[in-house]
>>> print(open('run-v2.txt').read())   # compact mmCIF, C-alpha atoms
# COMPACT_ATOMS: atom_id res chain seq x y z
CA MET A 23 72.07 85.88 -4.50
CA ASP A 24 74.97 85.47 -6.92
CA TRP A 25 77.78 83.60 -5.12
CA LEU A 26 80.29 86.12 -6.52
CA ASP A 27 78.41 88.94 -4.79
CA GLU A 28 78.87 87.29 -1.40
CA ILE A 29 82.60 87.98 -1.54
CA LYS A 30 83.83 91.23 -0.05
CA TRP A 31 85.99 92.46 -2.90
CA ASP A 32 88.53 95.08 -1.84
CA ALA A 33 88.71 98.65 -3.14
CA GLN A 34 90.54 97.38 -6.24
CA GLY A 35 87.91 94.70 -6.83
CA LEU A 36 90.29 91.95 -5.73
CA VAL A 37 90.36 89.17 -3.15
CA PRO A 38 93.48 87.42 -1.76
CA VAL A 39 93.81 83.74 -2.62
CA ILE A 40 95.87 80.99 -0.97
CA ALA A 41 96.70 77.93 -3.08
CA GLN A 42 97.28 74.73 -1.12
CA GLU A 43 98.39 71.43 -2.61
CA ALA A 44 95.60 68.91 -1.97
CA SER A 45 97.87 65.86 -1.72
CA SER A 46 100.59 67.24 0.59
CA GLY A 47 98.80 70.08 2.37
CA ASP A 48 101.69 72.39 1.41
CA VAL A 49 100.84 76.04 0.94
CA LEU A 50 102.15 76.70 -2.55
CA MET A 51 101.51 80.35 -3.25
CA PHE A 52 99.48 83.45 -2.59
CA ALA A 53 97.87 85.54 -5.32
CA TRP A 54 94.83 87.68 -6.13
CA MET A 55 91.62 87.24 -8.09
CA ASP A 56 89.12 89.63 -9.51
CA ARG A 57 85.56 88.66 -10.24
CA GLU A 58 86.30 87.38 -13.71
CA ALA A 59 89.30 85.34 -12.54
CA LEU A 60 87.19 83.57 -9.95
CA ARG A 61 84.36 82.95 -12.39
CA GLU A 62 86.86 81.43 -14.84
CA THR A 63 88.48 79.36 -12.10
CA ALA A 64 85.14 77.85 -11.13
CA ALA A 65 84.12 77.29 -14.75
CA LEU A 66 87.41 75.75 -15.92
CA GLY A 67 88.46 73.90 -12.77
CA ARG A 68 91.92 75.44 -13.08
CA ALA A 69 93.41 78.41 -11.25
CA VAL A 70 93.03 81.77 -12.96
CA TYR A 71 94.43 84.72 -11.03
CA PHE A 72 94.54 88.45 -11.61
CA SER A 73 98.09 89.66 -12.10
CA ARG A 74 98.41 93.01 -10.40
CA SER A 75 101.73 93.77 -12.11
CA ARG A 76 100.39 93.02 -15.58
CA ALA A 77 96.84 94.21 -14.77
CA ARG A 78 95.22 91.29 -16.58
CA LEU A 79 93.96 87.75 -16.05
CA TRP A 80 96.73 85.27 -15.41
CA PHE A 81 95.93 81.68 -16.38
CA LYS A 82 98.36 79.98 -14.00
CA GLY A 83 100.72 77.90 -16.12
CA GLU A 84 100.08 79.86 -19.33
CA GLU A 85 103.84 80.31 -19.82
CA SER A 86 105.36 77.72 -17.51
CA GLY A 87 102.92 74.89 -18.15
CA HIS A 88 102.59 74.67 -14.36
CA VAL A 89 98.82 74.54 -14.38
CA GLN A 90 96.85 74.20 -11.16
CA GLN A 91 93.83 71.90 -11.24
CA VAL A 92 91.30 73.14 -8.67
CA HIS A 93 89.47 70.62 -6.48
CA GLU A 94 87.94 72.97 -3.93
CA ILE A 95 87.28 76.68 -3.57
CA ARG A 96 86.81 77.81 0.00
CA MET A 97 85.99 81.20 1.51
CA ASP A 98 86.78 82.40 5.01
CA CYS A 99 84.51 83.60 7.82
CA ASP A 100 84.80 87.26 6.78
CA ASN A 101 84.08 86.48 3.11
CA ASP A 102 87.25 88.27 2.08
CA VAL A 103 89.88 85.54 1.56
CA LEU A 104 89.79 82.42 -0.64
CA LEU A 105 91.57 79.09 -0.30
CA LEU A 106 92.05 76.73 -3.25
CA LYS A 107 92.85 73.04 -2.91
CA VAL A 108 94.82 72.20 -6.03
CA THR A 109 96.89 69.65 -7.87
CA GLN A 110 100.00 71.36 -9.18
CA HIS A 111 100.75 69.98 -12.65
CA GLY A 112 103.65 70.37 -15.10
CA HIS A 113 106.60 68.95 -13.19
CA ASP A 114 107.35 66.11 -10.79
CA PRO A 115 108.00 67.00 -8.00
CA SER A 116 105.56 69.85 -8.36
CA ILE A 117 106.66 73.44 -8.95
CA ALA A 118 104.36 76.34 -8.13
CA CYS A 119 106.94 79.13 -7.74
CA HIS A 120 108.40 81.18 -10.58
CA THR A 121 111.83 80.62 -8.97
CA GLY A 122 111.54 76.93 -9.88
CA ARG A 123 110.78 75.83 -6.34
CA HIS A 124 107.93 73.68 -5.07
CA SER A 125 106.43 76.45 -2.93
CA CYS A 126 106.81 80.22 -2.90
CA PHE A 127 107.32 80.07 0.88
CA PHE A 128 110.95 78.99 0.83
CA HIS A 129 112.44 81.66 3.09
CA LEU A 130 112.64 80.46 6.68
CA TYR A 131 113.29 82.89 9.52
CA LYS A 132 116.02 81.82 11.91
CA ASP A 133 118.26 83.70 14.32
CA GLY A 134 117.47 87.14 12.98
CA ALA A 135 117.73 86.33 9.26
CA TRP A 136 115.89 84.74 6.34
CA HIS A 137 117.29 81.54 4.86
CA ALA A 138 116.30 79.94 1.52
CA VAL A 139 115.62 76.37 2.62
CA GLU A 140 113.94 74.78 -0.41
CA PRO A 141 115.82 73.59 -3.50
CA VAL A 142 115.36 74.96 -7.01
CA LEU A 143 113.83 72.00 -8.87
CA LYS A 144 114.15 73.51 -12.33
CA ASP A 145 116.11 76.50 -13.61
CA PRO A 146 113.65 79.38 -14.23
CA SER A 147 115.39 80.10 -17.54
CA ALA A 148 114.30 76.63 -18.65
CA ILE A 149 110.75 77.24 -17.43
CA TYR A 150 110.21 80.62 -19.10
CA THR A 151 111.76 80.27 -22.53
CA MET B 15 120.38 94.20 6.96
CA ASP B 16 117.57 93.99 9.50
CA TRP B 17 115.39 90.97 8.63
CA LEU B 18 112.28 93.13 9.13
CA ASP B 19 113.51 95.51 6.42
CA GLU B 20 113.62 92.69 3.87
CA ILE B 21 109.84 92.47 3.94
CA LYS B 22 107.91 94.56 1.42
CA TRP B 23 105.40 96.17 3.73
CA ASP B 24 102.35 97.54 1.92
CA ALA B 25 101.25 101.20 1.86
CA GLN B 26 99.63 100.72 5.29
CA GLY B 27 102.80 99.16 6.69
CA LEU B 28 101.21 95.70 6.75
CA VAL B 29 101.93 92.25 5.36
CA PRO B 30 99.40 89.42 4.84
CA VAL B 31 99.91 86.33 6.97
CA ILE B 32 98.66 82.77 6.51
CA ALA B 33 98.49 80.58 9.63
CA GLN B 34 98.80 76.85 8.98
CA GLU B 35 98.45 74.13 11.60
CA ALA B 36 101.78 72.29 11.78
CA SER B 37 100.34 68.92 12.76
CA SER B 38 97.47 68.68 10.24
CA GLY B 39 98.60 71.03 7.48
CA ASP B 40 95.21 72.75 7.66
CA VAL B 41 95.12 76.42 6.75
CA LEU B 42 93.53 77.96 9.83
CA MET B 43 93.25 81.66 9.13
CA PHE B 44 94.50 84.71 7.31
CA ALA B 45 95.44 87.96 9.03
CA TRP B 46 97.82 90.90 8.88
CA MET B 47 100.94 91.99 10.71
CA ASP B 48 102.74 95.26 11.05
CA ARG B 49 106.40 95.50 11.92
CA GLU B 50 105.83 95.43 15.65
CA ALA B 51 103.47 92.45 15.43
CA LEU B 52 106.06 90.43 13.56
CA ARG B 53 108.84 91.41 15.94
CA GLU B 54 106.66 90.34 18.86
CA THR B 55 105.71 87.08 17.14
CA ALA B 56 109.35 86.18 16.63
CA ALA B 57 110.32 87.22 20.15
CA LEU B 58 107.46 85.46 21.95
CA GLY B 59 107.01 82.42 19.73
CA ARG B 60 103.28 83.08 19.62
CA ALA B 61 101.21 84.75 16.92
CA VAL B 62 100.68 88.47 17.29
CA TYR B 63 98.71 90.11 14.48
CA PHE B 64 97.67 93.64 13.68
CA SER B 65 93.91 94.07 13.88
CA ARG B 66 92.89 96.40 11.09
CA SER B 67 89.39 96.89 12.56
CA ARG B 68 90.74 97.79 16.01
CA ALA B 69 93.93 99.43 14.67
CA ARG B 70 96.11 97.83 17.32
CA LEU B 71 98.21 94.76 18.05
CA TRP B 72 96.14 91.62 18.49
CA PHE B 73 97.74 88.93 20.63
CA LYS B 74 95.90 85.95 19.13
CA GLY B 75 94.02 84.29 21.98
CA GLU B 76 94.03 87.36 24.23
CA GLU B 77 90.25 87.03 24.70
CA SER B 78 89.49 83.50 23.55
CA GLY B 79 92.52 81.77 25.06
CA HIS B 80 93.06 80.28 21.60
CA VAL B 81 96.76 81.08 21.47
CA GLN B 82 98.89 80.08 18.51
CA GLN B 83 102.36 78.76 19.27
CA VAL B 84 104.63 79.56 16.32
CA HIS B 85 107.11 76.96 15.09
CA GLU B 86 108.15 78.51 11.81
CA ILE B 87 107.92 81.89 10.11
CA ARG B 88 108.25 81.73 6.35
CA MET B 89 108.31 84.44 3.68
CA ASP B 90 107.41 84.06 0.02
CA CYS B 91 109.44 84.68 -3.14
CA ASP B 92 108.25 88.29 -3.45
CA ASN B 93 108.95 89.08 0.21
CA ASP B 94 105.39 90.30 0.66
CA VAL B 95 103.48 87.39 2.25
CA LEU B 96 104.23 85.40 5.43
CA LEU B 97 103.32 81.84 6.38
CA LEU B 98 103.28 80.66 10.00
CA LYS B 99 103.41 77.02 11.06
CA VAL B 100 101.56 76.91 14.34
CA THR B 101 100.09 74.79 17.07
CA GLN B 102 96.61 76.03 17.82
CA HIS B 103 96.06 75.87 21.60
CA GLY B 104 93.04 76.41 23.86
CA HIS B 105 90.61 73.75 22.74
CA ASP B 106 90.67 70.14 21.57
CA PRO B 107 89.94 69.78 18.68
CA SER B 108 91.62 73.06 17.87
CA ILE B 109 89.65 76.24 17.18
CA ALA B 110 91.22 79.11 15.25
CA CYS B 111 88.07 80.87 14.00
CA HIS B 112 86.02 83.38 15.99
CA THR B 113 82.90 81.47 14.85
CA GLY B 114 84.04 78.54 17.02
CA ARG B 115 85.21 76.46 14.07
CA HIS B 116 88.54 74.75 13.52
CA SER B 117 89.44 76.84 10.48
CA CYS B 118 88.16 80.12 9.10
CA PHE B 119 87.87 78.52 5.65
CA PHE B 120 84.62 76.69 6.26
CA HIS B 121 82.62 77.91 3.25
CA LEU B 122 82.88 75.50 0.35
CA TYR B 123 81.81 76.50 -3.14
CA LYS B 124 79.51 74.03 -4.85
CA ASP B 125 76.99 74.31 -7.68
CA GLY B 126 76.88 78.10 -7.71
CA ALA B 127 76.64 78.64 -3.94
CA TRP B 128 78.69 78.71 -0.73
CA HIS B 129 78.03 76.01 1.87
CA ALA B 130 79.21 76.01 5.52
CA VAL B 131 80.79 72.54 5.75
CA GLU B 132 82.67 72.63 9.07
CA PRO B 133 80.99 72.20 12.47
CA VAL B 134 80.94 74.81 15.22
CA LEU B 135 83.04 73.17 17.96
CA LYS B 136 82.21 75.71 20.66
CA ASP B 137 79.55 78.39 20.86
CA PRO B 138 81.20 81.79 20.29
CA SER B 139 79.18 83.23 23.20
CA ALA B 140 81.04 80.75 25.43
CA ILE B 141 84.39 81.72 23.92
CA TYR B 142 84.02 85.50 24.24
CA THR B 143 82.42 86.05 27.62
>>> encode(input="run-v2.txt", output="structure tokens")
Amino acid sequence: MDWLDEIKWDAQGLVPVIAQEASSGDVLMFAWMDREALRETAALGRAVYFSRSRARLWFKGEESGHVQQVHEIRMDCDNDVLLLKVTQHGHDPSIACHTGRHSCFFHLYKDGAWHAVEPVLKDPSAIYT
Amino acid sequence: MDWLDEIKWDAQGLVPVIAQEASSGDVLMFAWMDREALRETAALGRAVYFSRSRARLWFKGEESGHVQQVHEIRMDCDNDVLLLKVTQHGHDPSIACHTGRHSCFFHLYKDGAWHAVEPVLKDPSAIYT
């Protein structure tokens, strides 16, 4: 059986993907893949997502240079979520978020409100020129 | 503004949630919350999800005893994904997966196939009696 057929793709032909930094364990971002994106990811050893807003393959880092090298691809018990173990390239300390932060998960809930608790490491206007 | 209103709930009124073990950094599972589930999670300090298959609130551990204590609730840059930092209770070593494994992400991709690479720590028939 083709390994791609073992995944339960959703009605849009997509699967949710969590990207985790291999070295730190930090969860960097959450995105989606279609079948072609996952095939490319496995073939290239770098993260290729499907951009729902642009409705096309998104080679992570294609504009920003913030490429993700993929060490492991994991699938969950229900065959409908993927987890990547990655090295986040392109900046030191690493930047995965389009806001210029290390991780996309920078809003922390506290006392009934969300607080941005991670610093901007690089101005987005300098990332996307 | 109500913090719950800042979340971009999907068409079904749900938001995807990643649960990460605070001590190890391991990604344990992926699930969904509706508004009430998130309110309960914040109020109780334990993970409450929305079970899509059962179409009701799912107090994680309600059957298995594998309760998740929640230390942090984080939201991503697009306000449409949540990340929980948890302590996974109920078994040592910790079990988050209904298959009796530590993490739900136990299938590793290698050489064109998926391989189950994490041990079953407790027989599911002994967890769900």
>>> interface_residues(input="run-v2.txt", of="chain B", to="chain A", cutoff="8 Å", atoms="all atoms listed in the file", output="ChimeraX atom specification")
/B:16-17,39-40,43-44,86-91,95-97,111,113,118-123,126-128
>>> atom_distance(input="run-v2.txt", atom1="atom CA of Glu50 of chain B", atom2="atom CA of Val29 of chain B")
11.5 Å
>>> residues_around(input="run-v2.txt", residues="His103 of chain B", least_positions_apart="4", cutoff="12 Å", atoms="all atoms listed in the file", output="list in words")
Glu35, Ala36, Arg60, Ala61, Lys74, Gly75, Glu76, Ser78, Gly79, His80, Val81, Gln82, Gln83, Val84, Pro107, Ser108, Ile109, Ala110 and His116 of chain B
>>> residues_near_point(input="run-v2.txt", point="(90.8, 96.7, -9.6)", cutoff="12 Å", atoms="only C-alpha atoms", output="list in words")
Trp31, Asp32, Ala33, Gln34, Gly35, Leu36, Val37, Trp54, Met55, Asp56, Arg57, Glu58, Ala59, Phe72, Ser73, Arg74, Ser75, Arg76, Ala77, Arg78 and Leu79 of chain A
>>> atom_distance(input="run-v2.txt", atom1="atom CA of Pro133 of chain B", atom2="atom CA of His85 of chain B")
26.7 Å
>>> closest_residue(input="run-v2.txt", among="A:Ser45, A:Thr109, A:Val39, A:Asp145", to="Gly67 of chain A", atoms="all atoms listed in the file")
A:Thr109
>>> atom_distance(input="run-v2.txt", atom1="atom CA of Ala57 of chain B", atom2="atom CA of Glu140 of chain A")
24.3 Å
